[in-house]
Amino acid sequence: MQNRIVTLDEFIIHRQKEVPFASGELTGLLRDIGVAAKIVNREVNKAGLLNILGAAGSENTHGENVQKLDLYANEKLIECLRNSGECCGIGSEENEEFIPVPPVDGKESKYVVVMDPLDGSSNIDVNVSVGTIFGIYRRKSEPSGPVNAADFLQKGEDLVAAGYVLYGTSTILVYTTGRGVNGFTLDPTIGEFCLSHQNIQIPKRGNYYSVNQGYYLKFDVEMRRYIDHCSDENYGLRYIGSMVADIHRILFQGGIFLYPNTRKYPLGKLRLLYECNPLGFIVEQAGGRAISCYLERILEIEPKELHQRATIAMGSPEMVDEMQAFVQKYSTLPV
Ligand code: AHM
Ligand code: MG
């Protein structure tokens with residue numbers, strides 16, 4: 001499949017053919033997410049022109065200020081998923097409750113989607129990269145009825161597929177179905193995501209660590225010791241404040257991303273279902289590790305609620321191992 005342009009659609013279909021008895025439903029869903037990503041990309045790119053920047057004046061379910069583009073991205077993604085016919089329910093950062101999706105043309109569908117429609121939205125006003133994160137689960141309930149909470153409260157290791165779209169200097173969609181990680185860059189001249197990064201492998205170590213060091217004094221002692229170690233080792237600090245962008249860099253250059261518990265966020269800030277799990281799945285698929293600051297493997301955490309938070313440390317495997325050793329050495333809790 002090389003030496004010529006391979007579009008996202010071609011690639012997904014090609015992959016489907018490798019799976020005996022595949023029904024094409026997941027293929028259809030991934031393609032629809034690709035279309036939604038192009039629509040969101042169009043708006044993100046012209047945000048500065050259209051004067052649609054700034055807070056929409058409402059707060060999301062976590063009491064955070066909502067930017068207009070968050071709402072737009074949420075609406076567009078929901079609309080595409082509703083019309084897809086392959087999705088029976090949506091859990092979104094922007095909606096307090098999960099959204100049941102009725103069958104399209106009477107067709108029962110078996111997948112639910114969890115998503116952060118526009119992550120890092122505090123960066124939009126200043127033209128810094130933002131991203132969309134998604135995860136796809138097979139529903140647990142009977143396909144004939146509506147979805148329920150158990151369809152969403154699944155462990156990350158049960159993900160069927162996960163991906164992100166980074167609206168950066170170029171727009172790139174990266175996804176995995178558990179058979180490696182591949183990246184597709186949007187060619188705006190033809191309006192297609194084209195295969196640009198095949199079988200992404202995270203470096204075993206990197207030269208950067210990524211954490212909001214402004215919260216240093218609010219971290220537990222073991223985390224402070226580990227951060228001191230990163231500084232002693234002369235690792236550079238890189239922190240965009242857009243998780244998708246930080247993880248994207250780490251996938252290619254290696255490094256570690258940390259969002260530990262702080263006094264403000266005793267359980268961590270980031271959301272398990274639609275931030276940590278999809279990105280954790282991708283990082284593991286690329287050969288990396290994703291654990292909580294209490295050393296649980298992220299993908300094995302049993303979710304109890306849709307908007308559950310988690311602490312996180314993920315990235316290059318040897319760096320996560322090292323961080324784990326610091327926690328084991330300095331934590332006052334039994335780990
Ligand atoms: P959001 O979903 O409200 O945009 O918040 C998630 C973002 C992540 O992208 C980023 O890593 C983190 O919040 C930054 O938080 P902080 O400003 O506390 O460092
Ligand atoms: Mg987010």
# chains A, B, ... in the order shown; residues from 1 in each chain; ligands from 1
$ select_by_dssp --residues "stretch 50-225 of chain A" --states "helix (DSSP H, G or I)" --output "VMD selection string"
chain A and resid 50 68 to 84 121 to 126 149 to 152 156 to 158 213 to 218 221 to 225
$ residues_near_ligand --ligand "ligand 2" --cutoff "7 Å" --atoms "only C-alpha atoms and all ligand atoms" --output "MDAnalysis selection string"
chainID A and resid 93 116 118:120 270 275
$ write_last_selection --atoms "C-alpha atoms" --output "tab-separated table (two decimals), in the first residue's frame"
chain	number	residue	atom	x	y	z
A	93	GLU	CA	-17.33	15.78	28.09
A	116	ASP	CA	-13.88	14.96	24.34
A	118	LEU	CA	-12.44	19.76	21.73
A	119	ASP	CA	-9.74	19.18	24.29
A	120	GLY	CA	-7.51	22.02	25.41
A	270	LEU	CA	-8.22	14.64	33.45
A	275	GLU	CA	-9.24	11.51	27.85
$ residues_near_ligand --ligand "ligand 1" --cutoff "9 Å" --atoms "only C-alpha atoms and all ligand atoms" --output "number ranges by chain"
A: 60, 62, 64-66, 70, 93, 116-123, 130-131, 211-215, 239-247, 257-259, 269-271, 275
$ residues_around --residues "A:Ile190" --least-positions-apart "4" --cutoff "12 Å" --atoms "only C-alpha atoms" --output "list in words"
Ile5, Thr7, Lys38, Thr185, Leu186 and Cys194 of chain A
$ write_last_selection --atoms "N, CA, C and O atoms" --output "mmCIF file, in the first residue's frame"
data_model
loop_
_atom_site.group_PDB
_atom_site.id
_atom_site.type_symbol
_atom_site.label_atom_id
_atom_site.label_comp_id
_atom_site.auth_asym_id
_atom_site.auth_seq_id
_atom_site.Cartn_x
_atom_site.Cartn_y
_atom_site.Cartn_z
ATOM 1 N N ILE A 5 -0.716 7.715 -2.655
ATOM 2 C CA ILE A 5 -1.505 8.235 -1.533
ATOM 3 C C ILE A 5 -2.527 7.188 -1.106
ATOM 4 O O ILE A 5 -3.216 6.596 -1.950
ATOM 5 N N THR A 7 -5.755 6.998 1.330
ATOM 6 C CA THR A 7 -6.638 7.830 2.155
ATOM 7 C C THR A 7 -7.106 7.035 3.372
ATOM 8 O O THR A 7 -7.026 5.803 3.400
ATOM 9 N N LYS A 38 -13.261 16.495 9.856
ATOM 10 C CA LYS A 38 -13.005 17.492 8.811
ATOM 11 C C LYS A 38 -13.881 18.723 9.018
ATOM 12 O O LYS A 38 -13.461 19.852 8.783
ATOM 13 N N THR A 185 -2.586 12.537 7.790
ATOM 14 C CA THR A 185 -2.546 13.999 7.764
ATOM 15 C C THR A 185 -3.560 14.507 6.744
ATOM 16 O O THR A 185 -3.666 13.969 5.638
ATOM 17 N N LEU A 186 -4.279 15.542 7.148
ATOM 18 C CA LEU A 186 -5.294 16.095 6.244
ATOM 19 C C LEU A 186 -4.611 16.918 5.161
ATOM 20 O O LEU A 186 -3.868 17.857 5.454
ATOM 21 N N CYS A 194 -4.682 11.579 4.626
ATOM 22 C CA CYS A 194 -3.813 10.659 3.882
ATOM 23 C C CYS A 194 -2.808 10.004 4.837
ATOM 24 O O CYS A 194 -2.220 10.698 5.686
#
$ residues_around --residues "A:Glu10" --least-positions-apart "2" --cutoff "12 Å" --atoms "only C-alpha atoms" --output "tab-separated table (two decimals) with C-alpha atoms, in the first residue's frame"
chain	number	residue	atom	x	y	z
A	1	MET	CA	0.00	0.00	0.00
A	4	ARG	CA	0.94	6.28	-3.61
A	5	ILE	CA	-1.51	8.24	-1.53
A	6	VAL	CA	-3.61	6.05	0.75
A	7	THR	CA	-6.64	7.83	2.15
A	8	LEU	CA	-8.12	7.14	5.56
A	12	ILE	CA	-9.89	1.47	7.00
A	13	ILE	CA	-11.54	-0.65	4.32
A	14	HIS	CA	-8.26	-2.43	3.57
A	15	ARG	CA	-7.91	-3.20	7.30
A	16	GLN	CA	-11.47	-4.48	7.49
A	17	LYS	CA	-10.74	-7.01	4.75
A	27	THR	CA	-15.38	0.72	9.43
A	28	GLY	CA	-18.45	2.87	8.83
A	30	LEU	CA	-14.56	5.33	11.89
A	31	ARG	CA	-15.21	6.86	8.50
A	184	PHE	CA	-3.29	10.39	8.65
A	192	GLU	CA	-8.69	13.85	2.52
A	193	PHE	CA	-6.83	12.39	5.47
A	194	CYS	CA	-3.81	10.66	3.88
A	195	LEU	CA	-1.70	7.96	5.51
$ select_by_dssp --residues "stretch 91-283 of chain A" --states "strand (DSSP E or B)" --output "ChimeraX atom specification"
/A:91-92,99-100,104,107,111-119,130-138,161-167,171-176,181-187,192-197,208-210,236-237,256-259,271
$ residues_around --residues "A:Ile202" --least-positions-apart "2" --cutoff "6 Å" --atoms "only C-alpha atoms" --output "NGL selection string"
:A and (251-252 or 254 or 286-287)
$ write_last_selection --atoms "C-alpha atoms" --output "short mmCIF file (atom, residue, chain, number, x, y, z; two decimals), in the first residue's frame"
data_model
loop_
_atom_site.label_atom_id
_atom_site.label_comp_id
_atom_site.auth_asym_id
_atom_site.auth_seq_id
_atom_site.Cartn_x
_atom_site.Cartn_y
_atom_site.Cartn_z
CA LEU A 251 4.48 9.52 20.59
CA PHE A 252 7.07 10.69 18.10
CA GLY A 254 9.48 10.13 23.41
CA ALA A 286 2.59 2.26 20.26
CA GLY A 287 4.73 0.43 22.84
#
$ atom_distance --atom1 "atom CA of A:Asp232" --atom2 "atom CA of A:Arg249"
21.8 Å
$ residues_around --residues "A:Val147" --least-positions-apart "5" --cutoff "9 Å" --atoms "only C-alpha atoms" --output "JSON, numbers by chain"
{"A": [88, 89, 98, 99, 100, 101, 112, 139, 140, 141, 142, 152]}
$ write_last_selection --atoms "N, CA and C atoms" --output "PDB file, in the first residue's frame"
ATOM      1  N   CYS A  88     -24.970   3.753  18.906  1.00  0.00           N
ATOM      2  CA  CYS A  88     -26.240   3.727  19.648  1.00  0.00           C
ATOM      3  C   CYS A  88     -26.200   4.592  20.901  1.00  0.00           C
ATOM      4  N   GLY A  89     -25.053   5.226  21.192  1.00  0.00           N
ATOM      5  CA  GLY A  89     -24.996   6.086  22.363  1.00  0.00           C
ATOM      6  C   GLY A  89     -23.697   6.869  22.401  1.00  0.00           C
ATOM      7  N   PHE A  98     -25.121  10.576  29.468  1.00  0.00           N
ATOM      8  CA  PHE A  98     -24.876   9.979  28.137  1.00  0.00           C
ATOM      9  C   PHE A  98     -26.106  10.193  27.251  1.00  0.00           C
ATOM     10  N   ILE A  99     -25.883  10.164  25.948  1.00  0.00           N
ATOM     11  CA  ILE A  99     -26.965  10.456  24.997  1.00  0.00           C
ATOM     12  C   ILE A  99     -27.332   9.178  24.250  1.00  0.00           C
ATOM     13  N   PRO A 100     -28.536   8.642  24.446  1.00  0.00           N
ATOM     14  CA  PRO A 100     -28.937   7.463  23.663  1.00  0.00           C
ATOM     15  C   PRO A 100     -29.207   7.887  22.215  1.00  0.00           C
ATOM     16  N   VAL A 101     -28.788   7.075  21.273  1.00  0.00           N
ATOM     17  CA  VAL A 101     -29.030   7.392  19.852  1.00  0.00           C
ATOM     18  C   VAL A 101     -30.006   6.367  19.287  1.00  0.00           C
ATOM     19  N   VAL A 112     -20.902   2.186  21.157  1.00  0.00           N
ATOM     20  CA  VAL A 112     -21.060   3.485  21.824  1.00  0.00           C
ATOM     21  C   VAL A 112     -19.739   4.239  21.683  1.00  0.00           C
ATOM     22  N   ARG A 139     -21.320  -2.197  22.799  1.00  0.00           N
ATOM     23  CA  ARG A 139     -22.295  -2.077  23.883  1.00  0.00           C
ATOM     24  C   ARG A 139     -22.446  -3.405  24.617  1.00  0.00           C
ATOM     25  N   LYS A 140     -22.832  -3.331  25.888  1.00  0.00           N
ATOM     26  CA  LYS A 140     -23.028  -4.551  26.663  1.00  0.00           C
ATOM     27  C   LYS A 140     -24.497  -4.934  26.697  1.00  0.00           C
ATOM     28  N   SER A 141     -25.368  -3.937  26.593  1.00  0.00           N
ATOM     29  CA  SER A 141     -26.806  -4.199  26.668  1.00  0.00           C
ATOM     30  C   SER A 141     -27.295  -4.803  25.343  1.00  0.00           C
ATOM     31  N   GLU A 142     -28.503  -5.308  25.379  1.00  0.00           N
ATOM     32  CA  GLU A 142     -29.107  -5.909  24.182  1.00  0.00           C
ATOM     33  C   GLU A 142     -29.304  -4.855  23.088  1.00  0.00           C
ATOM     34  N   PHE A 152     -21.250   2.385  28.916  1.00  0.00           N
ATOM     35  CA  PHE A 152     -20.187   3.401  28.896  1.00  0.00           C
ATOM     36  C   PHE A 152     -19.118   3.136  29.956  1.00  0.00           C
TER      37      PHE A 152
END
$ atom_distance --atom1 "atom CA of A:Tyr175" --atom2 "atom CA of A:Arg297"
20.3 Å
$ residues_around --residues "stretch 321-324 of chain A" --least-positions-apart "5" --cutoff "9 Å" --atoms "only C-alpha atoms" --output "list in words"
Glu222, Met223, Tyr226, Ile227, Arg289, Ile291, Cys293, Tyr294, Leu295, Ala313, Ser316 and Lys329 of chain A
$ write_last_selection --atoms "C-alpha atoms" --output "PDB file, in the first residue's frame"
ATOM      1  CA  GLU A 222       7.107  11.371  45.352  1.00  0.00           C
ATOM      2  CA  MET A 223       5.998  13.371  42.338  1.00  0.00           C
ATOM      3  CA  TYR A 226      10.518  12.538  40.283  1.00  0.00           C
ATOM      4  CA  ILE A 227      10.223  16.005  38.749  1.00  0.00           C
ATOM      5  CA  ARG A 289       2.880   2.764  29.197  1.00  0.00           C
ATOM      6  CA  ILE A 291      -0.496   4.376  34.627  1.00  0.00           C
ATOM      7  CA  CYS A 293       0.062   8.191  39.946  1.00  0.00           C
ATOM      8  CA  TYR A 294      -1.074   5.389  42.295  1.00  0.00           C
ATOM      9  CA  LEU A 295       0.485   2.936  39.835  1.00  0.00           C
ATOM     10  CA  ALA A 313       1.583   9.315  33.892  1.00  0.00           C
ATOM     11  CA  SER A 316       7.950   6.272  26.900  1.00  0.00           C
ATOM     12  CA  LYS A 329      10.455   4.699  46.927  1.00  0.00           C
TER      13      LYS A 329
END
$ atom_distance --atom1 "atom CA of A:Val40" --atom2 "atom CA of A:Ser84"
16.4 Å
$ decode --residues "stretch 302-316 of chain A" --atoms "all heavy atoms" --output "tab-separated table (two decimals), in the first residue's frame"
chain	number	residue	atom	x	y	z
A	302	GLU	N	-11.55	0.41	36.84
A	302	GLU	CA	-13.00	0.18	36.67
A	302	GLU	C	-13.73	1.52	36.80
A	302	GLU	O	-13.73	2.10	37.88
A	302	GLU	CB	-13.47	-0.76	37.78
A	302	GLU	CG	-14.87	-1.26	37.65
A	302	GLU	CD	-14.89	-2.69	37.12
A	302	GLU	OE1	-14.14	-3.53	37.64
A	302	GLU	OE2	-15.67	-2.91	36.19
A	303	PRO	N	-14.33	2.03	35.73
A	303	PRO	CA	-15.00	3.33	35.85
A	303	PRO	C	-16.31	3.20	36.63
A	303	PRO	O	-17.05	2.23	36.46
A	303	PRO	CB	-15.30	3.75	34.41
A	303	PRO	CG	-14.72	2.70	33.55
A	303	PRO	CD	-14.44	1.49	34.37
A	304	LYS	N	-16.55	4.19	37.45
A	304	LYS	CA	-17.79	4.20	38.25
A	304	LYS	C	-18.76	5.26	37.73
A	304	LYS	O	-19.95	5.19	37.95
A	304	LYS	CB	-17.48	4.50	39.72
A	304	LYS	CG	-16.51	3.53	40.36
A	304	LYS	CD	-17.24	2.35	40.98
A	304	LYS	CE	-16.35	1.45	41.81
A	304	LYS	NZ	-15.31	0.75	41.03
A	305	GLU	N	-18.21	6.29	37.11
A	305	GLU	CA	-19.10	7.32	36.56
A	305	GLU	C	-18.51	7.90	35.29
A	305	GLU	O	-17.29	7.85	35.06
A	305	GLU	CB	-19.38	8.41	37.59
A	305	GLU	CG	-18.14	8.97	38.25
A	305	GLU	CD	-18.49	9.91	39.40
A	305	GLU	OE1	-18.70	9.41	40.53
A	305	GLU	OE2	-18.55	11.11	39.13
A	306	LEU	N	-19.42	8.49	34.50
A	306	LEU	CA	-19.07	8.96	33.16
A	306	LEU	C	-17.94	9.99	33.18
A	306	LEU	O	-17.06	9.97	32.32
A	306	LEU	CB	-20.34	9.56	32.51
A	306	LEU	CG	-20.32	9.87	31.04
A	306	LEU	CD1	-20.02	8.63	30.21
A	306	LEU	CD2	-21.67	10.47	30.61
A	307	HIS	N	-18.00	10.90	34.13
A	307	HIS	CA	-17.02	12.01	34.13
A	307	HIS	C	-15.93	11.82	35.18
A	307	HIS	O	-15.34	12.80	35.63
A	307	HIS	CB	-17.76	13.34	34.31
A	307	HIS	CG	-18.73	13.62	33.22
A	307	HIS	ND1	-18.34	13.93	31.94
A	307	HIS	CD2	-20.09	13.60	33.19
A	307	HIS	CE1	-19.42	14.12	31.18
A	307	HIS	NE2	-20.50	13.92	31.92
A	308	GLN	N	-15.69	10.56	35.53
A	308	GLN	CA	-14.66	10.24	36.53
A	308	GLN	C	-13.29	10.81	36.15
A	308	GLN	O	-12.91	10.79	34.99
A	308	GLN	CB	-14.58	8.71	36.61
A	308	GLN	CG	-13.67	8.18	37.66
A	308	GLN	CD	-13.94	6.68	37.86
A	308	GLN	OE1	-15.08	6.21	37.70
A	308	GLN	NE2	-12.92	5.94	38.21
A	309	ARG	N	-12.58	11.29	37.15
A	309	ARG	CA	-11.24	11.82	36.89
A	309	ARG	C	-10.19	10.78	37.24
A	309	ARG	O	-10.46	9.85	38.01
A	309	ARG	CB	-11.01	13.07	37.73
A	309	ARG	CG	-11.93	14.22	37.34
A	309	ARG	CD	-11.69	15.43	38.22
A	309	ARG	NE	-12.74	16.42	38.07
A	309	ARG	CZ	-12.71	17.43	37.21
A	309	ARG	NH1	-11.68	17.58	36.39
A	309	ARG	NH2	-13.69	18.30	37.15
A	310	ALA	N	-9.01	10.94	36.70
A	310	ALA	CA	-7.90	10.03	37.04
A	310	ALA	C	-6.60	10.82	37.02
A	310	ALA	O	-6.48	11.80	36.29
A	310	ALA	CB	-7.83	8.89	36.03
A	311	THR	N	-5.64	10.39	37.83
A	311	THR	CA	-4.29	10.93	37.71
A	311	THR	C	-3.62	10.15	36.58
A	311	THR	O	-4.05	9.03	36.27
A	311	THR	CB	-3.49	10.72	39.00
A	311	THR	OG1	-3.47	9.32	39.29
A	311	THR	CG2	-4.12	11.47	40.16
A	312	ILE	N	-2.61	10.71	35.99
A	312	ILE	CA	-2.01	9.98	34.86
A	312	ILE	C	-0.52	10.26	34.69
A	312	ILE	O	-0.05	11.37	34.95
A	312	ILE	CB	-2.77	10.27	33.54
A	312	ILE	CG1	-2.29	9.35	32.42
A	312	ILE	CG2	-2.63	11.73	33.11
A	312	ILE	CD1	-3.35	8.76	31.61
A	313	ALA	N	0.18	9.21	34.30
A	313	ALA	CA	1.58	9.32	33.89
A	313	ALA	C	1.70	8.42	32.67
A	313	ALA	O	1.44	7.22	32.77
A	313	ALA	CB	2.50	8.80	34.99
A	314	MET	N	1.99	8.98	31.52
A	314	MET	CA	2.10	8.10	30.35
A	314	MET	C	3.15	8.57	29.36
A	314	MET	O	3.51	9.74	29.33
A	314	MET	CB	0.75	7.92	29.67
A	314	MET	CG	0.15	9.10	29.00
A	314	MET	SD	-1.28	8.46	28.07
A	314	MET	CE	-2.43	9.76	28.30
A	315	GLY	N	3.62	7.61	28.58
A	315	GLY	CA	4.60	7.95	27.57
A	315	GLY	C	5.61	6.84	27.36
A	315	GLY	O	5.26	5.65	27.41
A	316	SER	N	6.88	7.23	27.18
A	316	SER	CA	7.95	6.27	26.90
A	316	SER	C	8.05	5.25	28.03
A	316	SER	O	8.09	5.62	29.21
A	316	SER	CB	9.28	7.01	26.78
A	316	SER	OG	9.28	7.79	25.62
